[in-house]
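upload_25.txt follows (compact mmCIF, C-alpha atoms and all ligand atoms):
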```txt
# COMPACT_ATOMS: atom_id res chain seq x y z
CA ALA T 259 -32.86 -27.13 -4.30
CA SER T 260 -30.00 -29.66 -4.54
CA ARG T 261 -28.24 -27.70 -1.78
CA SER T 262 -31.10 -28.07 0.70
CA PHE T 263 -31.44 -31.78 -0.20
CA CYS T 264 -27.74 -32.12 0.63
CA GLN T 265 -28.22 -30.20 3.84
CA LEU T 266 -30.96 -32.61 4.88
CA LEU T 267 -28.84 -35.69 4.23
CA TYR T 268 -25.47 -34.38 5.29
CA ARG T 269 -24.98 -35.05 8.97
CA PRO T 270 -21.47 -36.47 9.35
CA GLU T 271 -19.78 -37.10 12.67
CA ARG T 272 -18.29 -33.97 14.17
CA PRO T 273 -14.54 -34.22 13.71
CA SER T 274 -12.59 -33.77 16.93
CA PHE T 275 -10.00 -31.53 15.29
CA GLY T 276 -9.90 -28.11 13.66
CA ILE T 277 -7.45 -26.07 11.60
CA ALA T 278 -6.28 -22.43 11.77
CA PHE T 279 -4.61 -21.18 8.60
CA ASP T 280 -2.30 -18.21 8.52
CA ILE T 281 -2.92 -16.24 5.30
CA ASP T 282 0.16 -14.33 4.11
CA GLY T 283 2.97 -16.71 3.24
CA VAL T 284 0.80 -19.85 3.62
CA ILE T 285 -2.38 -19.39 1.57
CA ILE T 286 -1.44 -16.43 -0.62
CA ARG T 287 1.42 -14.11 -1.51
CA GLY T 288 0.08 -10.73 -2.50
CA HIS T 289 -3.08 -11.77 -4.33
CA THR T 290 -1.85 -15.11 -5.65
CA PRO T 291 -2.75 -18.47 -4.09
CA ILE T 292 0.38 -20.48 -3.16
CA GLY T 293 1.44 -23.96 -2.03
CA GLY T 294 -1.62 -25.71 -3.51
CA SER T 295 -3.86 -23.77 -1.11
CA GLN T 296 -6.96 -24.02 -3.32
CA GLN T 297 -6.74 -27.82 -3.55
CA ALA T 298 -5.91 -28.09 0.15
CA LEU T 299 -8.96 -26.07 1.19
CA ARG T 300 -11.28 -27.95 -1.15
CA ARG T 301 -10.51 -31.13 0.82
CA LEU T 302 -12.22 -29.63 3.86
CA TYR T 303 -15.60 -29.64 2.11
CA GLY T 304 -17.95 -32.52 1.32
CA ASP T 305 -19.51 -33.41 -2.05
CA CYS T 306 -22.27 -30.85 -1.70
CA GLY T 307 -19.85 -28.06 -0.88
CA MET T 308 -20.77 -28.34 2.81
CA LEU T 309 -18.00 -27.75 5.31
CA LYS T 310 -16.72 -31.10 6.64
CA ILE T 311 -13.84 -29.97 8.83
CA PRO T 312 -13.95 -26.79 10.93
CA PHE T 313 -11.33 -24.25 9.94
CA VAL T 314 -10.61 -20.54 10.34
CA PHE T 315 -8.18 -18.07 8.86
CA LEU T 316 -6.09 -16.65 11.68
CA THR T 317 -4.21 -13.71 10.18
CA ASN T 318 -2.44 -10.71 11.66
CA GLY T 319 -3.33 -8.80 8.50
CA GLY T 320 -6.49 -6.81 7.83
CA GLY T 321 -7.81 -3.44 6.68
CA VAL T 322 -11.29 -4.53 5.54
CA PRO T 323 -14.31 -5.88 7.46
CA GLU T 324 -14.36 -9.65 8.03
CA SER T 325 -17.40 -10.00 5.73
CA LYS T 326 -15.54 -8.35 2.84
CA ARG T 327 -12.37 -10.38 3.48
CA ALA T 328 -14.49 -13.57 3.51
CA SER T 329 -15.93 -12.82 0.07
CA GLU T 330 -12.54 -11.81 -1.35
CA LEU T 331 -11.01 -15.06 -0.07
CA SER T 332 -13.98 -17.13 -1.32
CA GLU T 333 -13.49 -15.71 -4.79
CA LEU T 334 -9.71 -16.16 -4.78
CA LEU T 335 -9.72 -19.67 -3.33
CA GLY T 336 -12.89 -21.10 -4.89
CA VAL T 337 -14.60 -22.19 -1.65
CA ASN T 338 -17.40 -20.64 0.38
CA ILE T 339 -15.85 -18.87 3.38
CA LEU T 340 -18.09 -17.39 6.09
CA PRO T 341 -17.25 -14.07 7.83
CA LEU T 342 -17.15 -16.09 11.08
CA GLN T 343 -14.15 -17.98 9.67
CA VAL T 344 -12.03 -14.85 9.27
CA VAL T 345 -10.15 -13.71 12.38
CA GLN T 346 -7.95 -10.70 11.59
CA GLY T 347 -5.39 -8.86 13.71
CA HIS T 348 -7.89 -6.10 14.44
CA SER T 349 -10.90 -8.36 15.12
CA PRO T 350 -10.54 -8.04 18.95
CA PHE T 351 -10.87 -4.24 18.63
CA LYS T 352 -14.64 -4.81 18.51
CA ASN T 353 -14.56 -5.73 22.21
CA LEU T 354 -13.34 -2.19 22.99
CA ALA T 355 -16.15 -0.41 21.16
CA LYS T 356 -18.98 -0.92 23.64
CA SER T 357 -16.84 -1.11 26.76
CA ARG T 358 -14.76 2.06 26.22
CA TYR T 359 -15.01 4.09 23.05
CA GLU T 360 -18.53 3.82 21.62
CA ASN T 361 -19.07 7.59 21.27
CA GLN T 362 -15.52 8.86 21.82
CA LEU T 363 -13.49 10.37 19.00
CA VAL T 364 -10.99 7.76 17.79
CA VAL T 365 -8.61 7.75 14.83
CA ALA T 366 -8.08 4.65 12.66
CA VAL T 367 -4.83 4.14 10.70
CA GLY T 368 -3.88 1.86 7.83
CA LYS T 369 -4.38 0.55 4.32
CA GLY T 370 -7.84 -0.40 3.08
CA GLU T 371 -10.87 0.91 4.94
CA PRO T 372 -9.76 1.29 8.58
CA ALA T 373 -12.60 3.65 9.56
CA THR T 374 -15.25 1.38 8.00
CA VAL T 375 -13.84 -1.59 9.91
CA MET T 376 -14.07 0.33 13.19
CA PHE T 377 -17.52 1.71 12.42
CA GLU T 378 -18.79 -1.83 11.81
CA TYR T 379 -17.30 -2.84 15.16
CA GLY T 380 -19.48 -0.22 16.86
CA PHE T 381 -17.17 2.83 17.10
CA LYS T 382 -19.62 5.61 16.27
CA ASN T 383 -17.18 8.55 16.25
CA VAL T 384 -14.23 7.26 14.20
CA LEU T 385 -12.19 9.02 11.53
CA SER T 386 -9.48 7.60 9.30
CA ILE T 387 -6.12 9.32 9.69
CA ASP T 388 -6.47 10.39 6.03
CA GLU T 389 -9.61 12.33 6.83
CA TYR T 390 -8.47 13.54 10.24
CA SER T 391 -5.20 15.02 8.97
CA SER T 392 -6.88 16.65 5.99
CA TYR T 393 -8.57 19.07 8.47
CA PHE T 394 -5.26 20.51 9.71
CA ASP T 395 -3.56 22.82 7.22
CA GLY T 396 0.17 22.18 7.01
CA ILE T 397 0.16 19.23 9.42
CA ASP T 398 2.03 17.22 6.78
CA PRO T 399 4.67 19.59 5.36
CA LEU T 400 5.33 17.10 2.54
CA SER T 401 1.74 16.67 1.34
CA GLN T 402 2.21 19.00 -1.65
CA PHE T 403 4.88 16.64 -2.95
CA LYS T 404 2.65 13.58 -2.64
CA ASN T 405 0.73 13.69 -5.86
CA TRP T 406 -0.04 10.02 -6.05
CA GLU T 407 -3.42 8.84 -7.20
CA ILE T 408 -5.94 7.14 -4.96
CA ASN T 409 -8.46 4.80 -6.63
CA GLY T 410 -7.78 6.48 -9.98
CA GLU T 411 -8.47 9.96 -8.69
CA ILE T 412 -6.22 12.56 -7.15
CA LYS T 413 -7.26 12.69 -3.49
CA LYS T 414 -9.46 15.68 -2.69
CA ARG T 415 -9.48 17.34 0.70
CA SER T 416 -12.76 18.14 2.40
CA THR T 417 -13.70 21.81 2.57
CA SER T 418 -13.66 23.50 5.97
CA LYS T 419 -17.49 23.85 5.80
CA GLU T 420 -17.90 20.09 5.46
CA ILE T 421 -15.54 19.64 8.39
CA THR T 422 -17.31 21.83 10.92
CA ALA T 423 -20.65 20.43 9.84
CA ARG T 424 -19.54 16.92 10.72
CA HIS T 425 -17.07 17.18 13.56
CA ASN T 426 -15.71 19.46 16.18
CA ILE T 427 -12.22 18.36 15.30
CA PHE T 428 -10.46 21.41 16.67
CA SER T 429 -11.86 21.14 20.21
CA GLU T 430 -12.68 17.45 20.63
CA ARG T 431 -9.79 15.40 21.94
CA VAL T 432 -8.87 12.13 20.23
CA LYS T 433 -9.34 9.53 22.98
CA ALA T 434 -7.59 6.62 21.27
CA VAL T 435 -5.71 5.67 18.12
CA PHE T 436 -6.07 2.27 16.48
CA ILE T 437 -3.47 1.01 14.01
CA VAL T 438 -5.86 -1.23 12.09
CA SER T 439 -3.59 -2.24 9.21
CA ASP T 440 -0.21 -1.31 7.70
CA SER T 441 0.41 2.42 7.48
CA VAL T 442 0.40 3.62 3.87
CA ASP T 443 2.27 6.90 4.38
CA TRP T 444 4.76 6.44 7.24
CA SER T 445 6.06 10.04 7.15
CA ARG T 446 2.57 11.60 7.41
CA ASP T 447 1.28 9.02 9.90
CA ILE T 448 4.29 9.26 12.24
CA GLN T 449 4.07 13.06 12.17
CA VAL T 450 0.32 13.19 12.84
CA LEU T 451 0.43 10.42 15.45
CA CYS T 452 3.21 12.23 17.34
CA ASP T 453 0.98 15.34 17.26
CA ILE T 454 -2.09 13.49 18.55
CA LEU T 455 -0.21 11.46 21.15
CA ARG T 456 1.90 14.16 22.72
CA THR T 457 -0.83 16.79 22.96
CA GLY T 458 -3.43 14.56 24.56
CA GLY T 459 -5.41 14.39 21.33
CA LEU T 460 -5.41 18.00 20.05
CA PRO T 461 -2.69 18.55 17.42
CA GLY T 462 -1.01 21.93 17.60
CA ARG T 463 -1.77 22.45 21.31
CA GLU T 464 0.43 22.09 24.41
CA ASN T 465 1.47 18.67 25.71
CA GLY T 466 -1.18 16.55 27.44
CA GLN T 467 -1.85 13.00 28.59
CA GLN T 468 -1.17 10.44 25.90
CA PRO T 469 -4.34 8.92 24.39
CA ARG T 470 -4.41 5.10 24.30
CA LEU T 471 -2.69 3.51 21.32
CA TYR T 472 -3.56 0.03 20.00
CA PHE T 473 -1.81 -1.97 17.27
CA ALA T 474 -3.56 -4.86 15.48
CA ASN T 475 -0.28 -6.81 15.46
CA ASP T 476 3.43 -6.41 16.07
CA ASP T 477 4.84 -8.27 13.05
CA LEU T 478 8.30 -7.02 12.23
CA GLU T 479 8.19 -8.64 8.79
CA TYR T 480 5.76 -10.65 6.69
CA GLN T 481 5.76 -12.37 3.31
CA GLY T 482 4.09 -10.41 0.52
CA ALA T 483 4.43 -10.70 -3.25
CA PHE T 484 8.08 -9.57 -3.28
CA PRO T 485 10.70 -12.35 -2.98
CA SER T 486 12.07 -11.16 0.38
CA GLU T 487 10.10 -10.20 3.49
CA ARG T 488 8.38 -6.82 3.77
CA LEU T 489 8.38 -4.52 6.82
CA GLY T 490 5.20 -4.94 8.81
CA MET T 491 3.27 -3.13 11.53
CA GLY T 492 5.93 -4.01 14.12
CA ALA T 493 8.51 -2.10 12.08
CA PHE T 494 6.16 0.89 11.93
CA ARG T 495 5.68 0.61 15.72
CA ILE T 496 9.46 0.70 16.26
CA ALA T 497 9.80 3.78 14.03
CA LEU T 498 6.96 5.63 15.79
CA GLU T 499 8.14 4.64 19.26
CA SER T 500 11.79 5.58 18.64
CA ILE T 501 10.84 9.02 17.34
CA PHE T 502 8.17 9.67 19.98
CA ASN T 503 10.58 8.75 22.79
CA ARG T 504 13.13 11.25 21.44
CA ILE T 505 10.70 14.17 21.28
CA HIS T 506 8.60 13.47 24.37
CA PRO T 507 9.63 13.20 28.06
CA HIS T 508 7.49 10.08 28.69
CA ALA T 509 7.95 6.80 26.84
CA LEU T 510 5.22 5.79 24.40
CA GLU T 511 2.58 3.49 25.90
CA TYR T 512 0.75 1.04 23.67
CA THR T 513 -0.92 -2.36 23.42
CA CYS T 514 -0.32 -4.87 20.61
CA PHE T 515 -2.94 -7.43 19.60
CA GLY T 516 -2.53 -10.32 17.12
CA LYS T 517 -0.50 -13.53 17.16
CA PRO T 518 1.55 -14.66 19.09
CA ASN T 519 -0.61 -13.45 22.03
CA PRO T 520 -2.12 -16.48 23.82
CA PHE T 521 -5.61 -14.91 23.92
CA VAL T 522 -5.66 -14.96 20.10
CA PHE T 523 -5.37 -18.74 20.17
CA LYS T 524 -7.97 -19.07 22.96
CA ASN T 525 -10.33 -16.96 20.88
CA ALA T 526 -9.55 -18.99 17.72
CA GLU T 527 -10.48 -22.15 19.63
CA ALA T 528 -13.83 -20.63 20.61
CA VAL T 529 -14.47 -19.50 17.02
CA LEU T 530 -13.55 -22.95 15.68
CA ARG T 531 -16.11 -24.45 18.03
CA GLN T 532 -18.76 -22.08 16.68
CA VAL T 533 -17.78 -23.02 13.11
CA GLN T 534 -17.97 -26.69 14.05
CA LEU T 535 -21.42 -26.34 15.55
CA SER T 536 -22.82 -24.21 12.75
CA SER T 537 -21.41 -26.47 10.02
CA HIS T 538 -23.04 -29.48 11.66
CA HIS T 539 -26.41 -27.73 11.86
CA ASP T 540 -26.30 -27.74 15.63
CA HIS T 541 -28.00 -24.35 15.76
CA GLN T 542 -29.78 -25.14 18.99
CA ALA T 543 -26.47 -25.78 20.72
CA VAL T 544 -25.10 -22.49 19.32
CA ASN T 545 -28.18 -20.59 20.48
CA ASN T 546 -28.02 -22.19 23.90
CA GLY T 547 -24.39 -21.15 24.25
CA LEU T 548 -23.23 -24.77 24.37
CA ALA T 549 -20.17 -23.97 22.28
CA GLY T 550 -18.03 -25.40 25.09
CA GLY T 551 -19.69 -28.82 24.96
CA HIS T 552 -17.41 -30.60 22.52
CA PRO T 553 -13.70 -30.08 23.14
CA PHE T 554 -11.23 -30.53 20.30
CA ARG T 555 -8.57 -33.22 20.63
CA THR T 556 -6.21 -31.37 18.28
CA LEU T 557 -6.11 -27.89 16.76
CA TYR T 558 -3.61 -27.39 13.95
CA MET T 559 -1.98 -24.00 13.37
CA ILE T 560 -0.42 -23.80 9.90
CA GLY T 561 1.89 -20.79 9.64
CA ASP T 562 5.00 -19.45 7.92
CA ASN T 563 6.43 -17.25 10.68
CA PRO T 564 8.18 -19.04 13.58
CA LEU T 565 8.21 -15.92 15.80
CA VAL T 566 4.51 -15.31 15.34
CA ASP T 567 2.52 -18.40 14.31
CA ILE T 568 4.68 -21.13 15.85
CA LYS T 569 5.63 -19.22 18.99
CA GLY T 570 1.93 -18.45 19.54
CA ALA T 571 0.76 -22.04 19.06
CA ARG T 572 3.54 -23.35 21.31
CA GLN T 573 2.66 -20.90 24.08
CA ALA T 574 -1.04 -21.74 23.75
CA GLY T 575 -0.19 -25.39 24.53
CA HIS T 576 -2.76 -28.20 24.38
CA PRO T 577 -4.62 -28.88 22.05
CA TRP T 578 -2.53 -26.82 19.58
CA PHE T 579 -0.17 -28.59 17.14
CA SER T 580 2.04 -26.30 15.07
CA ILE T 581 2.94 -26.82 11.41
CA LEU T 582 5.52 -24.57 9.74
CA THR T 583 5.55 -24.18 5.94
CA ARG T 584 8.45 -23.06 3.77
CA THR T 585 6.34 -20.80 1.53
CA GLY T 586 6.80 -17.55 3.45
CA VAL T 587 9.01 -15.96 6.10
CA PHE T 588 10.62 -19.32 7.05
CA ARG T 589 12.79 -20.98 4.37
CA GLY T 590 15.10 -23.14 6.52
CA LYS T 591 16.02 -26.74 5.72
CA GLU T 592 15.61 -27.97 9.29
CA ASN T 593 13.25 -26.76 12.01
CA HIS T 594 13.50 -23.24 13.45
CA ALA T 595 16.08 -23.20 16.27
CA GLU T 596 14.32 -20.95 18.79
CA PHE T 597 10.66 -21.78 18.10
CA PRO T 598 10.64 -25.28 16.56
CA ALA T 599 7.30 -26.38 15.11
CA ASP T 600 5.78 -29.80 15.79
CA LEU T 601 6.10 -30.41 12.04
CA VAL T 602 7.87 -28.65 9.14
CA VAL T 603 6.55 -29.09 5.59
CA ASP T 604 7.09 -27.40 2.23
CA THR T 605 3.53 -26.28 1.56
CA VAL T 606 0.04 -26.03 3.01
CA GLU T 607 -0.98 -28.89 0.71
CA GLU T 608 1.61 -31.11 2.35
CA ALA T 609 0.36 -30.02 5.76
CA MET T 610 -3.15 -31.06 4.75
CA ASP T 611 -1.90 -34.49 3.58
CA TYR T 612 -0.36 -35.01 6.99
CA ILE T 613 -3.46 -33.90 8.93
CA LEU T 614 -5.94 -35.98 6.93
CA ARG T 615 -3.70 -39.07 7.06
CA LYS T 616 -3.38 -38.71 10.81
CA GLU T 617 -7.04 -38.01 11.51
CA PHE T 618 -8.79 -40.51 9.19
O1 LIG Q 1 0.15 -7.53 7.23
C1 LIG Q 1 -0.02 -8.91 7.30
C2 LIG Q 1 1.02 -9.57 8.07
O2 LIG Q 1 1.37 -8.83 9.21
C3 LIG Q 1 0.81 -11.01 8.43
O3 LIG Q 1 -0.29 -11.69 7.94
O4 LIG Q 1 -1.61 -13.73 7.46
O5 LIG Q 1 0.86 -13.89 7.85
O6 LIG Q 1 -0.66 -13.39 9.76
P1 LIG Q 1 -0.42 -13.26 8.27
MG MG Q 2 2.10 -15.38 7.56
```

Representation of the structure as structure tokens:
Amino acid sequence: ASRSFCQLLYRPERPSFGIAFDIDGVIIRGHTPIGGSQQALRRLYGDCGMLKIPFVFLTNGGGVPESKRASELSELLGVNILPLQVVQGHSPFKNLAKSRYENQLVVAVGKGEPATVMFEYGFKNVLSIDEYSSYFDGIDPLSQFKNWEINGEIKKRSTSKEITARHNIFSERVKAVFIVSDSVDWSRDIQVLCDILRTGGLPGRENGQQPRLYFANDDLEYQGAFPSERLGMGAFRIALESIFNRIHPHALEYTCFGKPNPFVFKNAEAVLRQVQLSSHHDHQAVNNGLAGGHPFRTLYMIGDNPLVDIKGARQAGHPWFSILTRTGVFRGKENHAEFPADLVVDTVEEAMDYILRKEF
């Protein structure tokens, strides 16, 4: 009841700025909040826990649906984050579901729940690479040596009866492959992807036209829990591409999404506007599609990777203002030489001090 009372009273001025937070290396490392991120985020909410300042998470990471990521982040960071506020590397894949691949067989690769993510985006005929490769005996010659446990259980393969009941795997061509999140088993995934890509989507058959290949990002490295950077999806792309180009007469063709692509920042601006309107109870404006009615004077991108977050914000131009933290990939004393940020700070908390001092 106190919440709805607050909602009735709480109609502050719409701020003319918004914030996009990178996640890995700015907000968390592994599963641990860093750089005072919990305190920093709390400052974006009013007394009643209502959102005061529009913000989104703009991450190249992923592997779970936005709704699940929003609840995981809410729990970890102690604030109420809406699915709308989570923009992941693979989020734009949803635009390809209706337009191209709604009923086509597609394969989803990566940690977490890549097939669930794609199914929720509207891909009706999607299989994870785990499931897809389990149908082909001997496709991974090393599988017998991989006795690791998955979710506390040794992974079981489906029986061939279950397979034919569900899918016509052996005659239906894979039309596209989506690298949703970081590959868990590079050796198996590179082998199976080479099979799918060089045969036109039917492993074990003769060469055919390469199915489309999409990556959620092209990050060479990112900051995880380990003290030095970890190899990311861009490193996996290089490995796959180098091998494919040695065994196939035509060079690998692919498309990479994620930061630093300018459209990611354009989309983030549109999402921030939606967040702004919904947090200020301007539902009529949202419903009427008036999300373009109130332009932002400044949009802050807070990131840890100069080649990804800062390069992207710089390329996007006005109204983006880039802030580089020293809690992740970047550790330099001065600014980055090739992609200098508008501001360099130690932590996200310091970035928030700067923004709030400047804006209020
Ligand atoms: O796998 C995650 C990594 O590529 C980067 O995540 O949040 O730093 O954009 P983020
Ligand atoms: Mg990062």

Contacts of ligand LIG 1 (chain Q), 7 Å or closer, only C-alpha atoms and all ligand atoms, given as a PyMOL selection string: chain T and resi 280-283+316-320+439-440+475+477+479-481+490-491+562

Atomic distance atom CA of Gly288 of chain T - atom CA of Gly561 of chain T, expressed in Å with one decimal: 15.9 Å

Exercise: Pro577 of chain T partners within 7 Å, all atoms listed in the file, chain neighbours under 4 positions left out, as a ChimeraX atom specification: /T:555-557

Could you write out as AutoDock Vina command-line options the box around segment 327-341 of chain T (axis-aligned, all atoms listed in the file, 4 Å on each side), with centre and edge lengths in Å to one decimal?
```
--center_x -13.9 --center_y -16.3 --center_z 1.5 --size_x 16.4 --size_y 19.8 --size_z 20.7
```

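Note that the spacing between atom CA of Phe275 of chain T and atom CA of Pro312 of chain T amounts to 7.6 Å.
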
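Considering all atoms listed in the file, the residue among T:Arg446, T:Arg470, T:Lys310, T:Arg358 positioned nearest to Ser274 of chain T is T:Lys310.
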
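Between atom CA of Trp578 of chain T and atom CA of Ala528 of chain T there is a distance of 12.9 Å.
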
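Minimum distance to Pro372 of chain T across T:Asn338, T:Ser441, T:Asn353, T:Asn405 (counting only C-alpha atoms) occurs at T:Ser441.
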
Among the residues T:Ser486, T:Phe597, T:Tyr379, T:Cys514, the one that comes closest to Thr585 of chain T [using all atoms listed in the file]: T:Ser486

Near-segment 294-301 of chain T list (12 Å; only C-alpha atoms; drop same-chain fewer than 4 positions) as a VMD selection string: chain T and resid 277 to 287 290 305 to 315 331 to 339 560 583 585 604 to 614

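You can rank T:Tyr393, T:Phe618, T:Phe588, T:Tyr558 by their closest distance to ligand MG 2 (chain Q) using only C-alpha atoms and all ligand atoms, and at the top of that list sits T:Phe588.
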
Nearest to Asn465 of chain T by atom-to-atom distance, counting all atoms listed in the file, from T:Val322, T:Val344, T:Cys452, T:Ala493: T:Cys452

Distance criterion (all atoms listed in the file): nearest to Phe494 of chain T out of T:Val345, T:Lys433, T:Gly466, T:Phe473: T:Phe473

Distance query Phe502 of chain T at most 12 Å, only C-alpha atoms, self and fewer than 3 positions along chain excluded, as a ChimeraX atom specification: /T:448-457,468,495-499,505-512

Can you list, as a PDB file with C-alpha atoms, in the frame of the given file, every protein, DNA or RNA residue that comes within 10 Å of Lys382 of chain T when you count only C-alpha atoms, leaving out same-chain residues fewer than 4 positions away?
```
ATOM      1  CA  ALA T 355     -16.150  -0.410  21.160  1.00  0.00           C
ATOM      2  CA  LYS T 356     -18.980  -0.920  23.640  1.00  0.00           C
ATOM      3  CA  TYR T 359     -15.010   4.090  23.050  1.00  0.00           C
ATOM      4  CA  GLU T 360     -18.530   3.820  21.620  1.00  0.00           C
ATOM      5  CA  ASN T 361     -19.070   7.590  21.270  1.00  0.00           C
ATOM      6  CA  GLN T 362     -15.520   8.860  21.820  1.00  0.00           C
ATOM      7  CA  LEU T 363     -13.490  10.370  19.000  1.00  0.00           C
ATOM      8  CA  VAL T 364     -10.990   7.760  17.790  1.00  0.00           C
ATOM      9  CA  ALA T 373     -12.600   3.650   9.560  1.00  0.00           C
ATOM     10  CA  MET T 376     -14.070   0.330  13.190  1.00  0.00           C
ATOM     11  CA  PHE T 377     -17.520   1.710  12.420  1.00  0.00           C
ATOM     12  CA  GLU T 378     -18.790  -1.830  11.810  1.00  0.00           C
TER      13      GLU T 378
END
```

Expected residue set, 12 Å radius at (-1.6, -24.2, 24.9), only C-alpha atoms, as a ChimeraX atom specification: /T:518-524,526-527,556-559,568-580

Regenerate segment 284-296 of chain T at the level of N, CA and C atoms and dump it as a PDB file, keeping the file's coordinate frame.
```pdb
ATOM      1  N   VAL T 284       1.267 -18.449   3.535  1.00  0.00           N
ATOM      2  CA  VAL T 284       0.800 -19.850   3.620  1.00  0.00           C
ATOM      3  C   VAL T 284      -0.250 -20.113   2.551  1.00  0.00           C
ATOM      4  N   ILE T 285      -1.255 -19.230   2.496  1.00  0.00           N
ATOM      5  CA  ILE T 285      -2.380 -19.390   1.570  1.00  0.00           C
ATOM      6  C   ILE T 285      -2.169 -18.545   0.310  1.00  0.00           C
ATOM      7  N   ILE T 286      -1.680 -17.332   0.511  1.00  0.00           N
ATOM      8  CA  ILE T 286      -1.440 -16.430  -0.620  1.00  0.00           C
ATOM      9  C   ILE T 286      -0.126 -15.663  -0.436  1.00  0.00           C
ATOM     10  N   ARG T 287       0.365 -15.137  -1.538  1.00  0.00           N
ATOM     11  CA  ARG T 287       1.420 -14.110  -1.510  1.00  0.00           C
ATOM     12  C   ARG T 287       0.908 -12.991  -2.392  1.00  0.00           C
ATOM     13  N   GLY T 288       0.754 -11.809  -1.783  1.00  0.00           N
ATOM     14  CA  GLY T 288       0.080 -10.730  -2.500  1.00  0.00           C
ATOM     15  C   GLY T 288      -1.361 -11.159  -2.734  1.00  0.00           C
ATOM     16  N   HIS T 289      -1.717 -11.315  -4.031  1.00  0.00           N
ATOM     17  CA  HIS T 289      -3.080 -11.770  -4.330  1.00  0.00           C
ATOM     18  C   HIS T 289      -3.082 -13.110  -5.035  1.00  0.00           C
ATOM     19  N   THR T 290      -1.961 -13.852  -4.921  1.00  0.00           N
ATOM     20  CA  THR T 290      -1.850 -15.110  -5.650  1.00  0.00           C
ATOM     21  C   THR T 290      -1.862 -16.297  -4.685  1.00  0.00           C
ATOM     22  N   PRO T 291      -2.758 -17.266  -4.913  1.00  0.00           N
ATOM     23  CA  PRO T 291      -2.750 -18.470  -4.090  1.00  0.00           C
ATOM     24  C   PRO T 291      -1.409 -19.213  -4.238  1.00  0.00           C
ATOM     25  N   ILE T 292      -0.917 -19.783  -3.126  1.00  0.00           N
ATOM     26  CA  ILE T 292       0.380 -20.480  -3.160  1.00  0.00           C
ATOM     27  C   ILE T 292       0.269 -21.852  -2.479  1.00  0.00           C
ATOM     28  N   GLY T 293       1.280 -22.686  -2.754  1.00  0.00           N
ATOM     29  CA  GLY T 293       1.440 -23.960  -2.030  1.00  0.00           C
ATOM     30  C   GLY T 293       0.262 -24.914  -2.190  1.00  0.00           C
ATOM     31  N   GLY T 294      -0.465 -24.816  -3.302  1.00  0.00           N
ATOM     32  CA  GLY T 294      -1.620 -25.710  -3.510  1.00  0.00           C
ATOM     33  C   GLY T 294      -2.751 -25.390  -2.542  1.00  0.00           C
ATOM     34  N   SER T 295      -2.870 -24.116  -2.135  1.00  0.00           N
ATOM     35  CA  SER T 295      -3.860 -23.770  -1.110  1.00  0.00           C
ATOM     36  C   SER T 295      -5.304 -24.031  -1.572  1.00  0.00           C
ATOM     37  N   GLN T 296      -5.573 -23.803  -2.865  1.00  0.00           N
ATOM     38  CA  GLN T 296      -6.960 -24.020  -3.320  1.00  0.00           C
ATOM     39  C   GLN T 296      -7.358 -25.486  -3.199  1.00  0.00           C
TER      40      GLN T 296
END
```
